[in-house]
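Structure data (mmCIF, N, CA and C atoms) from entry24.cif:
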data_final
#
loop_
_atom_site.label_atom_id
_atom_site.label_comp_id
_atom_site.auth_asym_id
_atom_site.auth_seq_id
_atom_site.Cartn_x
_atom_site.Cartn_y
_atom_site.Cartn_z
N MET R 84 -7.70 -36.45 -27.22
CA MET R 84 -6.56 -36.47 -26.32
C MET R 84 -6.00 -35.06 -26.11
N VAL R 85 -5.92 -34.29 -27.19
CA VAL R 85 -5.43 -32.92 -27.07
C VAL R 85 -6.40 -32.10 -26.22
N PHE R 86 -7.72 -32.35 -26.41
CA PHE R 86 -8.72 -31.65 -25.64
C PHE R 86 -8.56 -31.92 -24.14
N ALA R 87 -8.31 -33.17 -23.79
CA ALA R 87 -8.11 -33.54 -22.38
C ALA R 87 -6.88 -32.86 -21.81
N LEU R 88 -5.81 -32.76 -22.61
CA LEU R 88 -4.59 -32.09 -22.16
C LEU R 88 -4.85 -30.61 -21.91
N LEU R 89 -5.62 -29.98 -22.81
CA LEU R 89 -5.95 -28.57 -22.62
C LEU R 89 -6.77 -28.35 -21.36
N LEU R 90 -7.70 -29.26 -21.07
CA LEU R 90 -8.49 -29.15 -19.85
C LEU R 90 -7.62 -29.27 -18.61
N ILE R 91 -6.67 -30.18 -18.64
CA ILE R 91 -5.76 -30.36 -17.51
C ILE R 91 -4.90 -29.12 -17.33
N LEU R 92 -4.38 -28.57 -18.44
CA LEU R 92 -3.57 -27.35 -18.35
C LEU R 92 -4.39 -26.18 -17.83
N ALA R 93 -5.62 -26.04 -18.31
CA ALA R 93 -6.48 -24.94 -17.86
C ALA R 93 -6.79 -25.08 -16.38
N ALA R 94 -7.03 -26.30 -15.91
CA ALA R 94 -7.31 -26.53 -14.49
C ALA R 94 -6.10 -26.15 -13.65
N GLY R 95 -4.91 -26.45 -14.14
CA GLY R 95 -3.68 -26.08 -13.42
C GLY R 95 -3.52 -24.59 -13.31
N VAL R 96 -3.80 -23.85 -14.38
CA VAL R 96 -3.68 -22.39 -14.37
C VAL R 96 -4.68 -21.80 -13.38
N GLN R 97 -5.92 -22.31 -13.37
CA GLN R 97 -6.92 -21.79 -12.44
C GLN R 97 -6.50 -22.07 -11.00
N ALA R 98 -5.92 -23.21 -10.75
CA ALA R 98 -5.47 -23.53 -9.39
C ALA R 98 -4.38 -22.56 -8.96
N GLU R 99 -3.45 -22.25 -9.88
CA GLU R 99 -2.39 -21.31 -9.54
C GLU R 99 -2.95 -19.93 -9.28
N GLU R 100 -3.92 -19.49 -10.10
CA GLU R 100 -4.50 -18.17 -9.92
C GLU R 100 -5.23 -18.06 -8.59
N SER R 101 -5.90 -19.13 -8.19
CA SER R 101 -6.65 -19.07 -6.93
C SER R 101 -5.72 -19.02 -5.72
N GLU R 102 -4.46 -19.41 -5.89
CA GLU R 102 -3.51 -19.38 -4.79
C GLU R 102 -2.75 -18.07 -4.71
N THR R 103 -2.95 -17.17 -5.68
CA THR R 103 -2.24 -15.91 -5.66
C THR R 103 -2.82 -14.99 -4.59
N LEU R 104 -2.01 -14.04 -4.17
CA LEU R 104 -2.39 -13.10 -3.13
C LEU R 104 -3.44 -12.13 -3.67
N TYR R 105 -4.45 -11.85 -2.88
CA TYR R 105 -5.44 -10.84 -3.24
C TYR R 105 -5.70 -9.99 -2.01
N ILE R 106 -5.40 -8.71 -2.12
CA ILE R 106 -5.54 -7.79 -0.99
C ILE R 106 -6.56 -6.73 -1.37
N ASP R 107 -7.70 -6.74 -0.70
CA ASP R 107 -8.70 -5.72 -0.96
C ASP R 107 -8.50 -4.56 0.01
N ARG R 108 -9.35 -3.55 -0.09
CA ARG R 108 -9.13 -2.36 0.73
C ARG R 108 -9.32 -2.62 2.22
N THR R 109 -10.05 -3.67 2.58
CA THR R 109 -10.21 -3.98 4.00
C THR R 109 -8.95 -4.60 4.59
N MET R 110 -8.10 -5.18 3.75
CA MET R 110 -6.88 -5.83 4.22
C MET R 110 -5.63 -5.00 3.96
N ALA R 111 -5.73 -3.97 3.14
CA ALA R 111 -4.55 -3.23 2.68
C ALA R 111 -3.77 -2.57 3.81
N ILE R 112 -4.44 -2.00 4.77
CA ILE R 112 -3.74 -1.32 5.86
C ILE R 112 -2.96 -2.32 6.70
N ALA R 113 -3.59 -3.44 7.04
CA ALA R 113 -2.90 -4.46 7.83
C ALA R 113 -1.71 -5.03 7.06
N TYR R 114 -1.89 -5.25 5.76
CA TYR R 114 -0.81 -5.79 4.92
C TYR R 114 0.36 -4.81 4.88
N LEU R 115 0.08 -3.53 4.62
CA LEU R 115 1.14 -2.52 4.56
C LEU R 115 1.85 -2.40 5.91
N SER R 116 1.08 -2.36 6.97
CA SER R 116 1.66 -2.26 8.31
C SER R 116 2.59 -3.43 8.60
N ASP R 117 2.15 -4.65 8.26
CA ASP R 117 2.99 -5.83 8.46
C ASP R 117 4.27 -5.75 7.64
N CYS R 118 4.17 -5.32 6.39
CA CYS R 118 5.36 -5.20 5.54
C CYS R 118 6.34 -4.19 6.11
N LEU R 119 5.83 -3.04 6.54
CA LEU R 119 6.70 -2.00 7.10
C LEU R 119 7.38 -2.49 8.38
N LEU R 120 6.66 -3.24 9.20
CA LEU R 120 7.25 -3.80 10.42
C LEU R 120 8.32 -4.83 10.09
N LEU R 121 7.99 -5.77 9.21
CA LEU R 121 8.94 -6.82 8.85
C LEU R 121 10.20 -6.27 8.19
N ASP R 122 10.03 -5.22 7.38
CA ASP R 122 11.16 -4.62 6.68
C ASP R 122 11.89 -3.58 7.52
N GLU R 123 11.40 -3.35 8.75
CA GLU R 123 11.99 -2.36 9.65
C GLU R 123 12.18 -1.02 8.96
N ALA R 124 11.11 -0.57 8.31
CA ALA R 124 11.15 0.66 7.52
C ALA R 124 11.24 1.92 8.39
N TYR R 125 10.75 1.84 9.61
CA TYR R 125 10.79 2.99 10.51
C TYR R 125 11.47 2.60 11.81
N GLU R 126 11.82 3.61 12.59
CA GLU R 126 12.41 3.36 13.91
C GLU R 126 11.40 2.63 14.78
N ASP R 127 11.90 1.93 15.79
CA ASP R 127 11.02 1.20 16.71
C ASP R 127 9.99 2.14 17.33
N GLY R 128 8.76 1.69 17.35
CA GLY R 128 7.69 2.43 18.00
C GLY R 128 6.97 3.43 17.14
N VAL R 129 7.53 3.80 15.98
CA VAL R 129 6.90 4.82 15.14
C VAL R 129 5.53 4.35 14.66
N LEU R 130 5.44 3.10 14.20
CA LEU R 130 4.18 2.60 13.65
C LEU R 130 3.10 2.42 14.71
N GLU R 131 3.49 2.45 15.96
CA GLU R 131 2.51 2.31 17.04
C GLU R 131 1.83 3.64 17.38
N VAL R 132 2.38 4.74 16.90
CA VAL R 132 1.81 6.05 17.24
C VAL R 132 1.37 6.84 16.02
N VAL R 133 1.14 6.17 14.91
CA VAL R 133 0.67 6.84 13.70
C VAL R 133 -0.70 6.30 13.32
N CYS R 134 -1.36 7.00 12.40
CA CYS R 134 -2.67 6.58 11.89
C CYS R 134 -2.53 6.18 10.43
N PHE R 135 -3.06 5.03 10.08
CA PHE R 135 -3.12 4.59 8.69
C PHE R 135 -4.51 4.95 8.17
N MET R 136 -4.58 5.70 7.07
CA MET R 136 -5.86 6.15 6.55
C MET R 136 -5.93 5.93 5.05
N ILE R 137 -7.08 5.45 4.57
CA ILE R 137 -7.29 5.35 3.13
C ILE R 137 -7.58 6.75 2.63
N GLU R 138 -6.73 7.24 1.74
CA GLU R 138 -6.90 8.57 1.15
C GLU R 138 -6.55 8.44 -0.33
N TRP R 139 -7.56 8.42 -1.17
CA TRP R 139 -7.34 8.20 -2.60
C TRP R 139 -6.58 9.36 -3.23
N MET R 140 -5.59 9.02 -4.05
CA MET R 140 -4.78 10.02 -4.75
C MET R 140 -5.28 10.23 -6.18
N ASP R 141 -6.28 9.45 -6.59
CA ASP R 141 -6.80 9.59 -7.95
C ASP R 141 -8.08 10.43 -7.94
N GLU R 142 -8.65 10.63 -9.11
CA GLU R 142 -9.85 11.46 -9.23
C GLU R 142 -11.13 10.62 -9.27
N LEU R 143 -11.03 9.32 -9.07
CA LEU R 143 -12.19 8.45 -9.12
C LEU R 143 -13.04 8.62 -7.87
N PRO R 144 -14.36 8.36 -7.96
CA PRO R 144 -15.18 8.42 -6.74
C PRO R 144 -14.77 7.34 -5.75
N TYR R 145 -15.08 7.57 -4.48
CA TYR R 145 -14.68 6.64 -3.41
C TYR R 145 -15.18 5.22 -3.69
N THR R 146 -16.35 5.09 -4.28
CA THR R 146 -16.95 3.77 -4.52
C THR R 146 -16.43 3.10 -5.79
N ALA R 147 -15.54 3.72 -6.53
CA ALA R 147 -15.04 3.15 -7.78
C ALA R 147 -14.25 1.86 -7.50
N VAL R 148 -14.28 0.97 -8.47
CA VAL R 148 -13.51 -0.28 -8.38
C VAL R 148 -12.08 0.02 -8.81
N ARG R 149 -11.13 -0.31 -7.95
CA ARG R 149 -9.72 -0.06 -8.24
C ARG R 149 -8.94 -1.34 -8.01
N GLY R 150 -7.77 -1.42 -8.59
CA GLY R 150 -6.88 -2.55 -8.36
C GLY R 150 -5.85 -2.23 -7.28
N TYR R 151 -6.09 -1.18 -6.52
CA TYR R 151 -5.14 -0.75 -5.49
C TYR R 151 -5.89 0.02 -4.41
N THR R 152 -5.18 0.26 -3.31
CA THR R 152 -5.68 1.10 -2.22
C THR R 152 -4.59 2.11 -1.88
N ASP R 153 -4.95 3.38 -1.86
CA ASP R 153 -4.01 4.43 -1.47
C ASP R 153 -4.10 4.64 0.03
N ILE R 154 -2.95 4.61 0.69
CA ILE R 154 -2.91 4.73 2.14
C ILE R 154 -1.95 5.85 2.55
N ALA R 155 -2.45 6.72 3.41
CA ALA R 155 -1.61 7.78 3.99
C ALA R 155 -1.29 7.39 5.42
N ILE R 156 -0.05 7.60 5.81
CA ILE R 156 0.34 7.40 7.20
C ILE R 156 0.51 8.80 7.79
N ARG R 157 -0.28 9.07 8.81
CA ARG R 157 -0.29 10.40 9.42
C ARG R 157 0.05 10.33 10.90
N LYS R 158 0.69 11.39 11.37
CA LYS R 158 1.01 11.51 12.79
C LYS R 158 -0.20 12.11 13.51
N PRO R 159 -0.51 11.67 14.70
CA PRO R 159 -1.61 12.27 15.45
C PRO R 159 -1.34 13.75 15.71
N PHE R 160 -2.42 14.51 15.84
CA PHE R 160 -2.31 15.94 16.11
C PHE R 160 -1.59 16.18 17.43
N ASP R 161 -0.65 17.09 17.41
CA ASP R 161 0.11 17.45 18.61
C ASP R 161 -0.22 18.90 18.95
N PRO R 162 -0.90 19.14 20.07
CA PRO R 162 -1.28 20.52 20.41
C PRO R 162 -0.09 21.44 20.65
N GLU R 163 1.09 20.88 20.87
CA GLU R 163 2.28 21.69 21.08
C GLU R 163 2.80 22.30 19.77
N VAL R 164 2.39 21.72 18.64
CA VAL R 164 2.84 22.20 17.33
C VAL R 164 1.84 23.22 16.82
N LEU R 165 2.32 24.32 16.27
CA LEU R 165 1.45 25.39 15.80
C LEU R 165 0.89 25.06 14.41
N THR R 166 -0.19 24.27 14.38
CA THR R 166 -0.88 23.96 13.14
C THR R 166 -2.37 24.07 13.40
N ALA R 167 -3.16 23.92 12.36
CA ALA R 167 -4.62 23.93 12.53
C ALA R 167 -5.04 22.77 13.43
N ASP R 168 -6.12 22.95 14.17
CA ASP R 168 -6.56 21.95 15.14
C ASP R 168 -6.83 20.59 14.53
N ASP R 169 -7.31 20.56 13.30
CA ASP R 169 -7.68 19.29 12.70
C ASP R 169 -6.59 18.71 11.78
N THR R 170 -5.40 19.23 11.88
CA THR R 170 -4.32 18.78 11.01
C THR R 170 -3.59 17.59 11.61
N MET R 171 -3.41 16.57 10.77
CA MET R 171 -2.60 15.42 11.15
C MET R 171 -1.46 15.37 10.13
N PRO R 172 -0.26 15.76 10.50
CA PRO R 172 0.83 15.83 9.53
C PRO R 172 1.07 14.49 8.82
N LEU R 173 1.33 14.60 7.54
CA LEU R 173 1.58 13.43 6.71
C LEU R 173 3.00 12.91 6.94
N LEU R 174 3.11 11.61 7.17
CA LEU R 174 4.41 10.97 7.29
C LEU R 174 4.82 10.39 5.94
N ASP R 175 3.97 9.55 5.36
CA ASP R 175 4.24 8.93 4.06
C ASP R 175 2.95 8.49 3.40
N ARG R 176 3.02 8.23 2.09
CA ARG R 176 1.89 7.70 1.32
C ARG R 176 2.35 6.45 0.57
N PHE R 177 1.45 5.48 0.49
CA PHE R 177 1.73 4.24 -0.22
C PHE R 177 0.53 3.84 -1.06
N ARG R 178 0.76 3.05 -2.08
CA ARG R 178 -0.30 2.45 -2.89
C ARG R 178 -0.09 0.94 -2.81
N VAL R 179 -1.10 0.23 -2.31
CA VAL R 179 -1.04 -1.22 -2.17
C VAL R 179 -1.95 -1.84 -3.22
N TYR R 180 -1.36 -2.61 -4.13
CA TYR R 180 -2.14 -3.27 -5.18
C TYR R 180 -2.74 -4.57 -4.67
N THR R 181 -3.78 -5.02 -5.33
CA THR R 181 -4.46 -6.24 -4.91
C THR R 181 -3.56 -7.46 -5.01
N ASP R 182 -2.52 -7.41 -5.84
CA ASP R 182 -1.61 -8.56 -5.96
C ASP R 182 -0.46 -8.51 -4.95
N GLY R 183 -0.47 -7.51 -4.06
CA GLY R 183 0.55 -7.43 -3.02
C GLY R 183 1.69 -6.46 -3.30
N ARG R 184 1.75 -5.91 -4.51
CA ARG R 184 2.80 -4.93 -4.80
C ARG R 184 2.53 -3.65 -4.02
N ILE R 185 3.61 -3.01 -3.59
CA ILE R 185 3.51 -1.75 -2.85
C ILE R 185 4.36 -0.71 -3.56
N LEU R 186 3.80 0.48 -3.72
CA LEU R 186 4.54 1.62 -4.23
C LEU R 186 4.54 2.71 -3.17
N TYR R 187 5.59 3.52 -3.19
CA TYR R 187 5.74 4.64 -2.27
C TYR R 187 5.56 5.93 -3.06
N PHE R 188 4.78 6.89 -2.52
CA PHE R 188 4.64 8.18 -3.18
C PHE R 188 5.76 9.09 -2.73
N SER R 189 6.64 9.40 -3.67
CA SER R 189 7.77 10.27 -3.37
C SER R 189 7.40 11.72 -3.69
N PRO R 190 7.37 12.59 -2.69
CA PRO R 190 6.95 13.97 -2.94
C PRO R 190 7.93 14.78 -3.78
N ILE R 191 9.20 14.38 -3.80
CA ILE R 191 10.19 15.16 -4.57
C ILE R 191 9.89 15.08 -6.07
N PRO R 192 9.86 13.88 -6.68
CA PRO R 192 9.47 13.87 -8.09
C PRO R 192 7.95 13.97 -8.27
N GLY R 193 7.18 13.64 -7.21
CA GLY R 193 5.73 13.76 -7.31
C GLY R 193 5.03 12.58 -7.95
N PHE R 194 5.59 11.39 -7.83
CA PHE R 194 4.92 10.20 -8.35
C PHE R 194 5.33 8.97 -7.54
N TYR R 195 4.65 7.86 -7.81
CA TYR R 195 4.92 6.62 -7.09
C TYR R 195 6.18 5.95 -7.60
N ILE R 196 6.95 5.41 -6.66
CA ILE R 196 8.18 4.68 -6.99
C ILE R 196 8.13 3.31 -6.31
N PRO R 197 8.98 2.38 -6.72
CA PRO R 197 8.96 1.04 -6.10
C PRO R 197 9.23 1.09 -4.59
N TYR R 198 8.56 0.23 -3.88
CA TYR R 198 8.70 0.10 -2.43
C TYR R 198 10.15 -0.18 -2.06
N GLU R 199 10.85 -0.97 -2.87
CA GLU R 199 12.25 -1.30 -2.60
C GLU R 199 13.11 -0.05 -2.57
N ASP R 200 12.82 0.92 -3.44
CA ASP R 200 13.57 2.18 -3.43
C ASP R 200 13.31 2.96 -2.14
N PHE R 201 12.07 2.92 -1.65
CA PHE R 201 11.74 3.55 -0.38
C PHE R 201 12.58 2.92 0.75
N LEU R 202 12.66 1.60 0.75
CA LEU R 202 13.42 0.90 1.79
C LEU R 202 14.91 1.24 1.73
N LYS R 203 15.43 1.44 0.53
CA LYS R 203 16.84 1.79 0.36
C LYS R 203 17.12 3.26 0.64
N GLY R 204 16.05 4.06 0.72
CA GLY R 204 16.23 5.48 0.94
C GLY R 204 16.47 6.27 -0.34
N THR R 205 16.23 5.65 -1.48
CA THR R 205 16.42 6.33 -2.77
C THR R 205 15.06 6.80 -3.27
N THR R 206 14.53 7.84 -2.63
CA THR R 206 13.19 8.31 -2.96
C THR R 206 13.19 9.64 -3.71
N ASP R 207 14.32 10.25 -3.89
CA ASP R 207 14.38 11.57 -4.52
C ASP R 207 14.99 11.48 -5.91
N LEU R 208 14.43 10.61 -6.72
CA LEU R 208 14.95 10.38 -8.07
C LEU R 208 15.36 11.67 -8.68
#
Show the structure stored in the file as structure tokens.
Amino acid sequence: MVFALLLILAAGVQAEESETLYIDRTMAIAYLSDCLLLDEAYEDGVLEVVCFMIEWMDELPYTAVRGYTDIAIRKPFDPEVLTADDTMPLLDRFRVYTDGRILYFSPIPGFYIPYEDFLKGTTDL
């Protein structure tokens, strides 16, 4: 009887795990973009004129298995601005975990902070 109860409990845990969010690198950009839009993180129209790019912030090879995806949001090159021809200025960086958590890379302290702090504007710890 105890064995049957353990099997039922284990089946319940597996069912819950299979229903959890899983975001791989092919979905990370769309997920981040949707979150930023829903949370109104930027002014209207900003996300329509930027580029979302996977740019790893770690030292692992590109093919390494990670539990997250690093995403840079860059502005398209503007020939009116005096920069190198191939430069796309950085707007922000984020790390999207496979479980749906998002972190923001704050350049002032130089490390990732909670997404909620980014939304509140408290990024310069």
Would you list the residues near (9.5, -4.7, -1.8), meaning any protein, DNA or RNA residue with an atom at most 8 Å from that point in file coordinates, counting all atoms listed in the file, as a VMD selection string?
-> chain R and resid 184 to 186 197 to 200 202
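Using all atoms listed in the file, the smallest distance between any of R:Gly193, R:Ala113, R:Val148, R:Lys158 and Cys134 in chain R comes from R:Lys158.
Note on the selection: in this file the PyMOL selection byres (((chain R and resi 115 and name CA) around 10) and name CA) comes out as Met110, Ala111, Ile112, Ala113, Tyr114, Ser116, Asp117, Cys118, Leu119, Leu120, Leu121, Phe135, Ile154, Phe177, Arg178, Val179, Gly183, Arg184 and Ile185 of chain R.
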DSSP says strand (DSSP E or B) for which residues of range 100-204 of chain R? Put them as an MDAnalysis selection string?
-> chainID R and resid 134:137 151:157 173:180 185:189 194:197
Just give me the gap between CA of Thr146 in chain R and CA of Asp182 in chain R in Å, one decimal is fine.
-> 19.7 Å
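You can rank R:Leu173, R:Gly150, R:Asp122, R:Ile156 by their closest distance to Glu138 in chain R using all atoms listed in the file, and at the top of that list sits R:Ile156.
Here atom C of Tyr145 in chain R stands at a distance of 22.4 Å from atom C of Val133 in chain R.
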What does the PyMOL selection byres ((chain R and resi 105) around 6.5) select in this file, as a PyMOL selection string?
-> chain R and resi 103-104+106-107+181-183
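With distances restricted to only N, CA and C atoms, R:Tyr180 is the closest residue to Tyr151 in chain R from R:Ser189, R:Leu174, R:Tyr180, R:Lys203.
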